[in-house]
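Student: So here's final.pdb (PDB, C-alpha atoms and all ligand atoms).
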ATOM      1  CA  MET A  11     -14.411  11.216   7.445  1.00  0.00           C
ATOM      2  CA  ARG A  12     -12.480  10.688   4.203  1.00  0.00           C
ATOM      3  CA  LEU A  13      -8.718  11.130   4.224  1.00  0.00           C
ATOM      4  CA  HIS A  14      -6.839  11.808   1.007  1.00  0.00           C
ATOM      5  CA  TRP A  15      -4.023   9.352   1.488  1.00  0.00           C
ATOM      6  CA  SER A  16      -0.789   7.977   0.115  1.00  0.00           C
ATOM      7  CA  PRO A  17       1.164   5.156   1.780  1.00  0.00           C
ATOM      8  CA  ARG A  18       4.414   7.013   1.214  1.00  0.00           C
ATOM      9  CA  SER A  19       3.475  10.404   2.638  1.00  0.00           C
ATOM     10  CA  PRO A  20       5.050  10.960   6.068  1.00  0.00           C
ATOM     11  CA  TYR A  21       2.504  13.687   6.914  1.00  0.00           C
ATOM     12  CA  VAL A  22      -0.342  11.283   6.167  1.00  0.00           C
ATOM     13  CA  ARG A  23       1.417   8.731   8.341  1.00  0.00           C
ATOM     14  CA  LYS A  24       1.571  11.280  11.149  1.00  0.00           C
ATOM     15  CA  VAL A  25      -2.206  11.798  10.914  1.00  0.00           C
ATOM     16  CA  LEU A  26      -2.921   8.061  10.798  1.00  0.00           C
ATOM     17  CA  VAL A  27      -0.630   7.280  13.746  1.00  0.00           C
ATOM     18  CA  ALA A  28      -2.374  10.071  15.670  1.00  0.00           C
ATOM     19  CA  ALA A  29      -5.767   8.615  14.713  1.00  0.00           C
ATOM     20  CA  TYR A  30      -4.718   5.181  15.990  1.00  0.00           C
ATOM     21  CA  GLU A  31      -3.382   6.683  19.208  1.00  0.00           C
ATOM     22  CA  ALA A  32      -6.681   8.538  19.674  1.00  0.00           C
ATOM     23  CA  GLY A  33      -8.675   5.347  18.985  1.00  0.00           C
ATOM     24  CA  ILE A  34     -10.534   6.770  15.988  1.00  0.00           C
ATOM     25  CA  ALA A  35      -8.682   5.176  13.043  1.00  0.00           C
ATOM     26  CA  ASP A  36     -11.698   3.030  12.173  1.00  0.00           C
ATOM     27  CA  ARG A  37     -13.706   6.184  11.514  1.00  0.00           C
ATOM     28  CA  LEU A  38     -11.477   7.151   8.601  1.00  0.00           C
ATOM     29  CA  GLU A  39     -12.086   6.160   5.015  1.00  0.00           C
ATOM     30  CA  LEU A  40      -8.920   6.344   2.969  1.00  0.00           C
ATOM     31  CA  GLU A  41      -8.868   7.620  -0.590  1.00  0.00           C
ATOM     32  CA  ARG A  42      -5.685   6.974  -2.524  1.00  0.00           C
ATOM     33  CA  THR A  43      -4.742  10.343  -3.929  1.00  0.00           C
ATOM     34  CA  VAL A  44      -1.701  11.063  -6.041  1.00  0.00           C
ATOM     35  CA  VAL A  45       0.165  14.340  -5.654  1.00  0.00           C
ATOM     36  CA  ALA A  46       3.353  15.713  -7.121  1.00  0.00           C
ATOM     37  CA  SER A  47       4.821  19.148  -6.535  1.00  0.00           C
ATOM     38  CA  THR A  48       5.321  19.606 -10.298  1.00  0.00           C
ATOM     39  CA  GLN A  49       1.906  18.294 -11.323  1.00  0.00           C
ATOM     40  CA  PRO A  50      -1.043  19.683  -9.326  1.00  0.00           C
ATOM     41  CA  ASN A  51      -3.881  17.221  -8.754  1.00  0.00           C
ATOM     42  CA  LEU A  52      -6.858  19.177 -10.109  1.00  0.00           C
ATOM     43  CA  ASP A  53      -9.429  17.127  -8.177  1.00  0.00           C
ATOM     44  CA  LEU A  54      -7.624  17.667  -4.890  1.00  0.00           C
ATOM     45  CA  LEU A  55      -7.170  21.392  -5.592  1.00  0.00           C
ATOM     46  CA  ARG A  56     -10.943  21.758  -5.400  1.00  0.00           C
ATOM     47  CA  GLU A  57     -10.768  20.647  -1.755  1.00  0.00           C
ATOM     48  CA  ASN A  58      -7.368  22.006  -0.788  1.00  0.00           C
ATOM     49  CA  PRO A  59      -6.017  24.897  -2.881  1.00  0.00           C
ATOM     50  CA  LEU A  60      -2.485  23.850  -1.923  1.00  0.00           C
ATOM     51  CA  GLY A  61      -3.057  20.435  -3.502  1.00  0.00           C
ATOM     52  CA  LYS A  62      -1.357  18.628  -0.649  1.00  0.00           C
ATOM     53  CA  LEU A  63      -1.763  15.479   1.422  1.00  0.00           C
ATOM     54  CA  PRO A  64      -3.143  14.964   3.961  1.00  0.00           C
ATOM     55  CA  THR A  65      -6.532  16.563   3.329  1.00  0.00           C
ATOM     56  CA  LEU A  66      -9.534  15.432   5.372  1.00  0.00           C
ATOM     57  CA  THR A  67     -13.103  15.717   4.132  1.00  0.00           C
ATOM     58  CA  LEU A  68     -15.550  15.975   7.005  1.00  0.00           C
ATOM     59  CA  PRO A  69     -19.056  14.454   7.012  1.00  0.00           C
ATOM     60  CA  THR A  70     -20.387  17.978   6.391  1.00  0.00           C
ATOM     61  CA  GLY A  71     -18.460  18.090   3.100  1.00  0.00           C
ATOM     62  CA  THR A  72     -15.966  20.667   4.350  1.00  0.00           C
ATOM     63  CA  SER A  73     -12.307  19.798   3.769  1.00  0.00           C
ATOM     64  CA  ILE A  74      -9.566  20.655   6.231  1.00  0.00           C
ATOM     65  CA  PHE A  75      -5.762  20.638   6.007  1.00  0.00           C
ATOM     66  CA  ASP A  76      -2.853  20.423   6.900  1.00  0.00           C
ATOM     67  CA  SER A  77      -1.783  17.610   9.256  1.00  0.00           C
ATOM     68  CA  THR A  78      -1.664  20.006  12.218  1.00  0.00           C
ATOM     69  CA  VAL A  79      -5.221  21.226  11.678  1.00  0.00           C
ATOM     70  CA  ILE A  80      -6.523  17.698  11.077  1.00  0.00           C
ATOM     71  CA  ILE A  81      -5.035  16.530  14.379  1.00  0.00           C
ATOM     72  CA  GLU A  82      -6.436  19.592  16.148  1.00  0.00           C
ATOM     73  CA  TYR A  83      -9.830  18.577  14.725  1.00  0.00           C
ATOM     74  CA  PHE A  84      -9.425  15.004  15.999  1.00  0.00           C
ATOM     75  CA  ALA A  85      -8.373  16.154  19.469  1.00  0.00           C
ATOM     76  CA  THR A  86     -11.055  18.814  19.786  1.00  0.00           C
ATOM     77  CA  PHE A  87     -14.106  17.367  18.052  1.00  0.00           C
ATOM     78  CA  VAL A  88     -13.683  13.615  17.550  1.00  0.00           C
ATOM     79  CA  ALA A  89     -11.682  12.341  20.523  1.00  0.00           C
ATOM     80  CA  PRO A  90     -11.654  15.135  23.105  1.00  0.00           C
ATOM     81  CA  ASP A  91     -10.417  12.761  25.805  1.00  0.00           C
ATOM     82  CA  CYS A  92      -7.280  11.821  23.897  1.00  0.00           C
ATOM     83  CA  THR A  93      -3.949  13.066  25.239  1.00  0.00           C
ATOM     84  CA  LEU A  94      -2.290  13.866  21.906  1.00  0.00           C
ATOM     85  CA  LEU A  95      -2.632  17.589  22.567  1.00  0.00           C
ATOM     86  CA  PRO A  96      -2.068  18.182  26.277  1.00  0.00           C
ATOM     87  CA  LYS A  97      -4.685  20.321  27.994  1.00  0.00           C
ATOM     88  CA  ASP A  98      -2.183  22.079  30.258  1.00  0.00           C
ATOM     89  CA  PRO A  99      -0.982  25.177  28.335  1.00  0.00           C
ATOM     90  CA  ALA A 100       2.697  24.795  29.226  1.00  0.00           C
ATOM     91  CA  ASP A 101       2.682  21.088  28.350  1.00  0.00           C
ATOM     92  CA  ARG A 102       0.791  21.811  25.166  1.00  0.00           C
ATOM     93  CA  LEU A 103       3.390  24.356  24.087  1.00  0.00           C
ATOM     94  CA  VAL A 104       6.157  21.786  24.490  1.00  0.00           C
ATOM     95  CA  ALA A 105       4.162  19.235  22.499  1.00  0.00           C
ATOM     96  CA  LEU A 106       3.536  21.770  19.725  1.00  0.00           C
ATOM     97  CA  GLN A 107       7.215  22.718  19.685  1.00  0.00           C
ATOM     98  CA  TYR A 108       8.218  19.097  19.068  1.00  0.00           C
ATOM     99  CA  GLU A 109       5.470  18.766  16.473  1.00  0.00           C
ATOM    100  CA  SER A 110       6.820  21.822  14.698  1.00  0.00           C
ATOM    101  CA  LEU A 111      10.348  20.440  14.864  1.00  0.00           C
ATOM    102  CA  GLY A 112       9.222  17.145  13.330  1.00  0.00           C
ATOM    103  CA  ASP A 113       7.232  18.920  10.625  1.00  0.00           C
ATOM    104  CA  GLY A 114      10.222  21.166   9.892  1.00  0.00           C
ATOM    105  CA  LEU A 115      12.472  18.132   9.583  1.00  0.00           C
ATOM    106  CA  LEU A 116      10.016  16.603   7.120  1.00  0.00           C
ATOM    107  CA  ASP A 117       9.880  19.833   5.108  1.00  0.00           C
ATOM    108  CA  LEU A 118      13.668  19.787   4.954  1.00  0.00           C
ATOM    109  CA  LEU A 119      13.785  16.123   3.930  1.00  0.00           C
ATOM    110  CA  LEU A 120      11.209  16.553   1.159  1.00  0.00           C
ATOM    111  CA  GLN A 121      13.032  19.564  -0.241  1.00  0.00           C
ATOM    112  CA  TRP A 122      16.305  17.648  -0.035  1.00  0.00           C
ATOM    113  CA  LEU A 123      14.774  14.627  -1.754  1.00  0.00           C
ATOM    114  CA  GLY A 124      13.428  16.814  -4.554  1.00  0.00           C
ATOM    115  CA  GLU A 125      16.859  18.328  -5.082  1.00  0.00           C
ATOM    116  CA  ARG A 126      18.557  14.923  -5.080  1.00  0.00           C
ATOM    117  CA  LYS A 127      16.139  13.691  -7.750  1.00  0.00           C
ATOM    118  CA  ARG A 128      17.146  16.443 -10.167  1.00  0.00           C
ATOM    119  CA  PRO A 129      19.795  15.635 -12.787  1.00  0.00           C
ATOM    120  CA  ARG A 130      23.194  15.728 -11.082  1.00  0.00           C
ATOM    121  CA  ASP A 131      24.423  18.768 -13.034  1.00  0.00           C
ATOM    122  CA  SER A 132      21.281  20.802 -12.158  1.00  0.00           C
ATOM    123  CA  GLN A 133      21.478  20.172  -8.421  1.00  0.00           C
ATOM    124  CA  SER A 134      22.378  23.082  -6.162  1.00  0.00           C
ATOM    125  CA  GLU A 135      25.474  22.187  -4.183  1.00  0.00           C
ATOM    126  CA  ALA A 136      24.695  25.049  -1.802  1.00  0.00           C
ATOM    127  CA  LEU A 137      21.207  23.696  -1.096  1.00  0.00           C
ATOM    128  CA  LEU A 138      22.456  20.135  -0.624  1.00  0.00           C
ATOM    129  CA  ALA A 139      25.159  21.333   1.751  1.00  0.00           C
ATOM    130  CA  ALA A 140      22.750  23.577   3.688  1.00  0.00           C
ATOM    131  CA  ASN A 141      20.299  20.699   4.102  1.00  0.00           C
ATOM    132  CA  ALA A 142      23.070  18.442   5.402  1.00  0.00           C
ATOM    133  CA  VAL A 143      24.109  21.062   7.978  1.00  0.00           C
ATOM    134  CA  LYS A 144      20.515  21.663   9.122  1.00  0.00           C
ATOM    135  CA  PHE A 145      19.862  17.934   9.305  1.00  0.00           C
ATOM    136  CA  ALA A 146      22.912  17.413  11.533  1.00  0.00           C
ATOM    137  CA  HIS A 147      21.754  20.186  13.851  1.00  0.00           C
ATOM    138  CA  VAL A 148      18.211  18.812  14.045  1.00  0.00           C
ATOM    139  CA  ILE A 149      19.525  15.362  14.948  1.00  0.00           C
ATOM    140  CA  ASP A 150      21.794  16.810  17.646  1.00  0.00           C
ATOM    141  CA  TYR A 151      18.874  18.847  19.000  1.00  0.00           C
ATOM    142  CA  ILE A 152      16.501  15.885  19.194  1.00  0.00           C
ATOM    143  CA  ASP A 153      19.234  13.682  20.638  1.00  0.00           C
ATOM    144  CA  ALA A 154      19.727  16.172  23.462  1.00  0.00           C
ATOM    145  CA  ALA A 155      15.955  16.130  24.008  1.00  0.00           C
ATOM    146  CA  VAL A 156      15.694  12.345  24.463  1.00  0.00           C
ATOM    147  CA  PRO A 157      15.479  12.546  28.296  1.00  0.00           C
ATOM    148  CA  GLU A 158      12.595  15.002  27.979  1.00  0.00           C
ATOM    149  CA  LEU A 159      10.845  12.902  25.314  1.00  0.00           C
ATOM    150  CA  LEU A 160      11.144   9.865  27.572  1.00  0.00           C
ATOM    151  CA  ALA A 161       9.853  11.744  30.612  1.00  0.00           C
ATOM    152  CA  ARG A 162       6.777  13.161  28.887  1.00  0.00           C
ATOM    153  CA  PRO A 163       3.532  11.266  28.280  1.00  0.00           C
ATOM    154  CA  PHE A 164       3.259  10.310  24.601  1.00  0.00           C
ATOM    155  CA  ASP A 165       1.739  13.170  22.587  1.00  0.00           C
ATOM    156  CA  ILE A 166       1.678  14.739  19.136  1.00  0.00           C
ATOM    157  CA  GLY A 167       5.300  15.843  19.557  1.00  0.00           C
ATOM    158  CA  HIS A 168       6.433  12.227  19.877  1.00  0.00           C
ATOM    159  CA  VAL A 169       4.249  11.194  16.925  1.00  0.00           C
ATOM    160  CA  THR A 170       5.696  13.849  14.636  1.00  0.00           C
ATOM    161  CA  VAL A 171       9.341  13.520  15.634  1.00  0.00           C
ATOM    162  CA  GLY A 172       9.073   9.730  15.321  1.00  0.00           C
ATOM    163  CA  CYS A 173       7.434   9.865  11.893  1.00  0.00           C
ATOM    164  CA  ALA A 174      10.059  12.341  10.671  1.00  0.00           C
ATOM    165  CA  LEU A 175      13.010  10.308  11.943  1.00  0.00           C
ATOM    166  CA  SER A 176      11.670   7.087  10.487  1.00  0.00           C
ATOM    167  CA  TYR A 177      11.220   8.846   7.132  1.00  0.00           C
ATOM    168  CA  VAL A 178      14.990   9.420   7.153  1.00  0.00           C
ATOM    169  CA  GLY A 179      15.482   5.652   7.119  1.00  0.00           C
ATOM    170  CA  PHE A 180      12.897   5.266   4.346  1.00  0.00           C
ATOM    171  CA  ARG A 181      14.285   7.838   1.878  1.00  0.00           C
ATOM    172  CA  PHE A 182      17.805   8.597   3.134  1.00  0.00           C
ATOM    173  CA  PRO A 183      19.353   5.282   4.190  1.00  0.00           C
ATOM    174  CA  ASP A 184      22.768   6.820   3.457  1.00  0.00           C
ATOM    175  CA  LEU A 185      22.364   9.274   6.367  1.00  0.00           C
ATOM    176  CA  ARG A 186      23.789   7.127   9.125  1.00  0.00           C
ATOM    177  CA  TRP A 187      23.039   9.239  12.159  1.00  0.00           C
ATOM    178  CA  GLN A 188      22.268   6.353  14.533  1.00  0.00           C
ATOM    179  CA  GLU A 189      25.803   5.281  15.469  1.00  0.00           C
ATOM    180  CA  ALA A 190      26.704   8.714  16.824  1.00  0.00           C
ATOM    181  CA  HIS A 191      23.339   9.111  18.584  1.00  0.00           C
ATOM    182  CA  PRO A 192      22.569   5.792  20.300  1.00  0.00           C
ATOM    183  CA  ALA A 193      20.036   7.221  22.764  1.00  0.00           C
ATOM    184  CA  LEU A 194      17.963   8.708  19.965  1.00  0.00           C
ATOM    185  CA  ALA A 195      18.336   5.538  17.884  1.00  0.00           C
ATOM    186  CA  SER A 196      17.012   3.541  20.829  1.00  0.00           C
ATOM    187  CA  TRP A 197      14.100   5.974  21.320  1.00  0.00           C
ATOM    188  CA  LEU A 198      13.207   5.624  17.623  1.00  0.00           C
ATOM    189  CA  ALA A 199      13.415   1.818  17.783  1.00  0.00           C
ATOM    190  CA  ASP A 200      10.883   1.867  20.643  1.00  0.00           C
ATOM    191  CA  PHE A 201       8.658   4.324  18.757  1.00  0.00           C
ATOM    192  CA  CYS A 202       8.659   2.008  15.743  1.00  0.00           C
ATOM    193  CA  GLN A 203       7.348  -0.847  17.912  1.00  0.00           C
ATOM    194  CA  ARG A 204       4.205   1.026  18.980  1.00  0.00           C
ATOM    195  CA  PRO A 205       1.083  -0.681  17.601  1.00  0.00           C
ATOM    196  CA  SER A 206      -0.069   2.606  16.054  1.00  0.00           C
ATOM    197  CA  VAL A 207       3.212   2.950  14.155  1.00  0.00           C
ATOM    198  CA  LEU A 208       3.353  -0.701  13.086  1.00  0.00           C
ATOM    199  CA  ALA A 209      -0.203  -0.355  11.765  1.00  0.00           C
ATOM    200  CA  VAL A 210       0.816   2.405   9.356  1.00  0.00           C
ATOM    201  CA  PRO A 211       3.969   1.438   7.483  1.00  0.00           C
ATOM    202  CA  VAL A 212       5.342   4.033   5.082  1.00  0.00           C
ATOM    203  CA  ILE A 213       5.833   2.184   1.823  1.00  0.00           C
ATOM    204  CA  ASP A 214       6.243   2.675  -1.912  1.00  0.00           C
ATOM    205  CA  ASP A 215       3.766  -0.026  -2.876  1.00  0.00           C
ATOM    206  CA  GLN A 216       0.480   1.805  -3.305  1.00  0.00           C
ATOM    207  CA  ASP A 217      -1.575  -1.362  -3.076  1.00  0.00           C
ATOM    208  CA  ALA A 218      -0.010  -2.796   0.064  1.00  0.00           C
ATOM    209  CA  PRO A 219      -2.543  -3.356   2.816  1.00  0.00           C
ATOM    210  CA  ILE A 220      -2.757  -1.357   6.004  1.00  0.00           C
ATOM    211  CA  MET A 221      -2.601  -3.773   8.914  1.00  0.00           C
ATOM    212  CA  PRO A 222      -5.575  -4.226  11.237  1.00  0.00           C
ATOM    213  CA  PRO A 223      -7.221  -2.575  13.032  1.00  0.00           C
ATOM    214  CA  ALA A 224      -7.319  -0.714   9.782  1.00  0.00           C
ATOM    215  CA  PRO A 225      -9.124   2.305   8.477  1.00  0.00           C
ATOM    216  CA  ARG A 226     -11.422   1.464   5.584  1.00  0.00           C
ATOM    217  CA  VAL A 227      -9.613   1.778   2.256  1.00  0.00           C
ATOM    218  CA  GLY A 228     -11.993   3.032  -0.390  1.00  0.00           C
ATOM    219  CA  GLY A 229     -11.930   4.769  -3.735  1.00  0.00           C
ATOM    220  CA  LEU A 230      -8.481   3.608  -4.803  1.00  0.00           C
ATOM    221  CA  SER A 231      -7.339   5.785  -7.643  1.00  0.00           C
ATOM    222  CA  GLN A 232      -6.150   4.284 -10.920  1.00  0.00           C
ATOM    223  CA  ARG A 233      -3.384   6.873 -11.070  1.00  0.00           C
ATOM    224  CA  SER A 234       0.061   6.156  -9.735  1.00  0.00           C
ATOM    225  CA  GLU A 235       2.616   8.562  -8.307  1.00  0.00           C
TER
HETATM  226  N1  LIG A 301       2.538  21.171   6.193  1.00  0.00           N
HETATM  227  C1  LIG A 301       1.860  20.112   5.480  1.00  0.00           C
HETATM  228  C2  LIG A 301       2.823  19.449   4.502  1.00  0.00           C
HETATM  229  C3  LIG A 301       2.102  18.488   3.570  1.00  0.00           C
HETATM  230  C4  LIG A 301       2.955  18.070   2.390  1.00  0.00           C
HETATM  231  O1  LIG A 301       3.943  18.701   2.009  1.00  0.00           O
HETATM  232  N2  LIG A 301       2.529  16.957   1.766  1.00  0.00           N
HETATM  233  C5  LIG A 301       3.195  16.478   0.588  1.00  0.00           C
HETATM  234  C6  LIG A 301       3.097  14.959   0.522  1.00  0.00           C
HETATM  235  S1  LIG A 301       4.131  14.160   1.687  1.00  0.00           S
HETATM  236  C7  LIG A 301       2.449  16.976  -0.642  1.00  0.00           C
HETATM  237  O2  LIG A 301       1.247  16.961  -0.638  1.00  0.00           O
HETATM  238  N3  LIG A 301       3.161  17.384  -1.684  1.00  0.00           N
HETATM  239  C8  LIG A 301       2.572  17.815  -2.911  1.00  0.00           C
HETATM  240  C9  LIG A 301       2.935  19.198  -3.301  1.00  0.00           C
HETATM  241  O3  LIG A 301       3.809  19.806  -2.647  1.00  0.00           O
HETATM  242  O4  LIG A 301       2.378  19.701  -4.274  1.00  0.00           O
HETATM  243  C10 LIG A 301       1.249  19.123   6.494  1.00  0.00           C
HETATM  244  O5  LIG A 301       1.686  19.114   7.649  1.00  0.00           O
HETATM  245  O6  LIG A 301       0.295  18.412   6.161  1.00  0.00           O
END
Output the structure of this file as structure tokens.
Ligand SMILES: N[C@@H](CCC(=O)N[C@@H](CS)C(=O)NCC(=O)O)C(=O)O

Tutor:
Amino acid sequence: MRLHWSPRSPYVRKVLVAAYEAGIADRLELERTVVASTQPNLDLLRENPLGKLPTLTLPTGTSIFDSTVIIEYFATFVAPDCTLLPKDPADRLVALQYESLGDGLLDLLLQWLGERKRPRDSQSEALLAANAVKFAHVIDYIDAAVPELLARPFDIGHVTVGCALSYVGFRFPDLRWQEAHPALASWLADFCQRPSVLAVPVIDDQDAPIMPPAPRVGGLSQRSE
């Protein structure tokens, strides 16, 4: 399986952490692929018409996306015994709800980042303010959910919420939510110590190595993001 990959994509990180948790990371070959919302990657568009990472090319040549579908593929076809997607329907719904919350937080953060990168006088104050309000509500919501997260066996919900929260520290170090939410900060600190999470750092350096036990890194692109 070949995964279109970037070391700074939080959705790719989610897929790789899930692959480590499922014990199948060594079956992935990584292809460094550069994407930008303002500059579609024409090669990637042939496999994924949305031009987004992560995209997984299966041994059959078929490509699948997005992160949710890729993890469904892992859990159904590659590692059916893994517990990332609980088999019990009620448990599974809770896991999917947390996954959706984490994905939604990432969507918000990426939109926010894009707005922040625009020239100051072109930025939408309304959008920046709305993102700040939504972010505060998401943090409060997850903070209130810490007892449930701790009580549940680790699943895709934990993976996604953890990857989203750690992306805040990576791109938004100014958002100091931890002091007011010590239980959630402590949960995230524990998440960040999991071997699967340590193995997949989110970084700006496109050539930095993935730590062992690592997926194979092949076909590094000459392009840079
Ligand atoms: N819902 C998608 C989101 C993927 C996504 O937005 N990926 C970003 C990289 S972190 C991307 O490819 N952006 C390029 C673009 O928007 O054109 C998933 O879960 O995989």

Student: Please give me, as a PyMOL selection string, the residues lying within 6 Å of ligand LIG 301 (chain A) when counting all atoms listed in the file.

Tutor: chain A and resi 19-21+45-47+61-64+76-78

Student: From the list A:Asp53, A:Leu40, A:Ala89, A:Arg181, which residue is nearest Lys127 of chain A when using all atoms listed in the file?

Tutor: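 Residue with the minimum atom-to-atom distance to Lys127 of chain A: A:Arg181.
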
Student: So which residues get picked by the PyMOL selection byres (((chain A and resi 67) around 12) and not hetatm) here, written as a PyMOL selection string?

Tutor: chain A and resi 11-15+38-41+54+56-58+63-66+68-76+80+83

Student: Would you mind reading off the distance between atom CA of Leu118 of chain A and atom CA of Arg42 of chain A, one decimal, in Å?

Tutor: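 Going from atom CA of Leu118 of chain A over to atom CA of Arg42 of chain A, I get 24.4 Å.
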
Student: So which one's closest to Val27 of chain A, A:Val88, A:Leu159, A:Val104, A:Leu94? Using only C-alpha atoms, please.

Tutor: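 Going through A:Val88, A:Leu159, A:Val104, A:Leu94 one by one, the smallest distance to Val27 of chain A is for A:Leu94.
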
Student: Quick one: everything within 12 Å of segment 130-144 of chain A, counting only C-alpha atoms, minus sequence neighbours fewer than 5 positions away in the same chain. Send it as a list in words.

Tutor: Leu111, Gly114, Leu115, Leu116, Asp117, Leu118, Leu119, Leu120, Gln121, Trp122, Leu123, Gly124, Glu125, Ile149, Asp150, Tyr151, Phe182, Asp184, Leu185, Arg186 and Trp187 of chain A

Student: Hey, can you check how far atom CA of Leu198 of chain A sits from atom CA of Asp214 of chain A?

Tutor: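 Result for atom CA of Leu198 of chain A versus atom CA of Asp214 of chain A: 20.9 Å, one decimal.
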
Student: Calculated over all atoms listed in the file, which of the candidates A:Gly167, A:Pro192, A:Pro205, A:Pro17 has the smallest distance to Ala154 of chain A?

Tutor: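 Between A:Gly167, A:Pro192, A:Pro205, A:Pro17, the residue approaching Ala154 of chain A most closely is A:Pro192.
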
Student: Which residue out of A:Ala35, A:Leu95, A:Val44, A:Ala209 has the minimum interatomic distance to Asp165 of chain A when all atoms listed in the file are used?

Tutor: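 The shortest atom-to-atom distance to Asp165 of chain A comes from A:Leu95.
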
Student: Which centre and which edge lengths, in Å to one decimal, describe the axis-aligned box that holds all listed atoms of segment 103-121 of chain A after 5 Å is added on each side, as JSON?

Tutor:
{"center_x": 8.6, "center_y": 20.2, "center_z": 12.1, "size_x": 20.4, "size_y": 18.2, "size_z": 34.7}

Student: Quick one: apply the PyMOL selection byres (((chain A and resi 102) around 12) and not hetatm) to the file and drop the selected residues here as a PyMOL selection string.

Tutor: chain A and resi 82+93-101+103-109+162-167

Student: Compare A:Leu160, A:Val178, A:Val169, A:Ile213 by their minimum atom-to-atom distance to Phe145 of chain A, counting only C-alpha atoms, and give me the closest one.

Tutor: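 Selected residue with least distance to Phe145 of chain A: A:Val178.
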
Student: Given the choices A:Ala193, A:Ala174, A:Leu26, A:Val210, which gets closest to Ser110 of chain A if the distance is worked out from all atoms listed in the file?

Tutor: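 Ranked by minimum distance to Ser110 of chain A, first place goes to A:Ala174.
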
Student: What gap, in Å, lies between atom CA of Val207 of chain A and atom CA of His147 of chain A?

Tutor: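 That distance, rounded to one decimal, is 25.3 Å.
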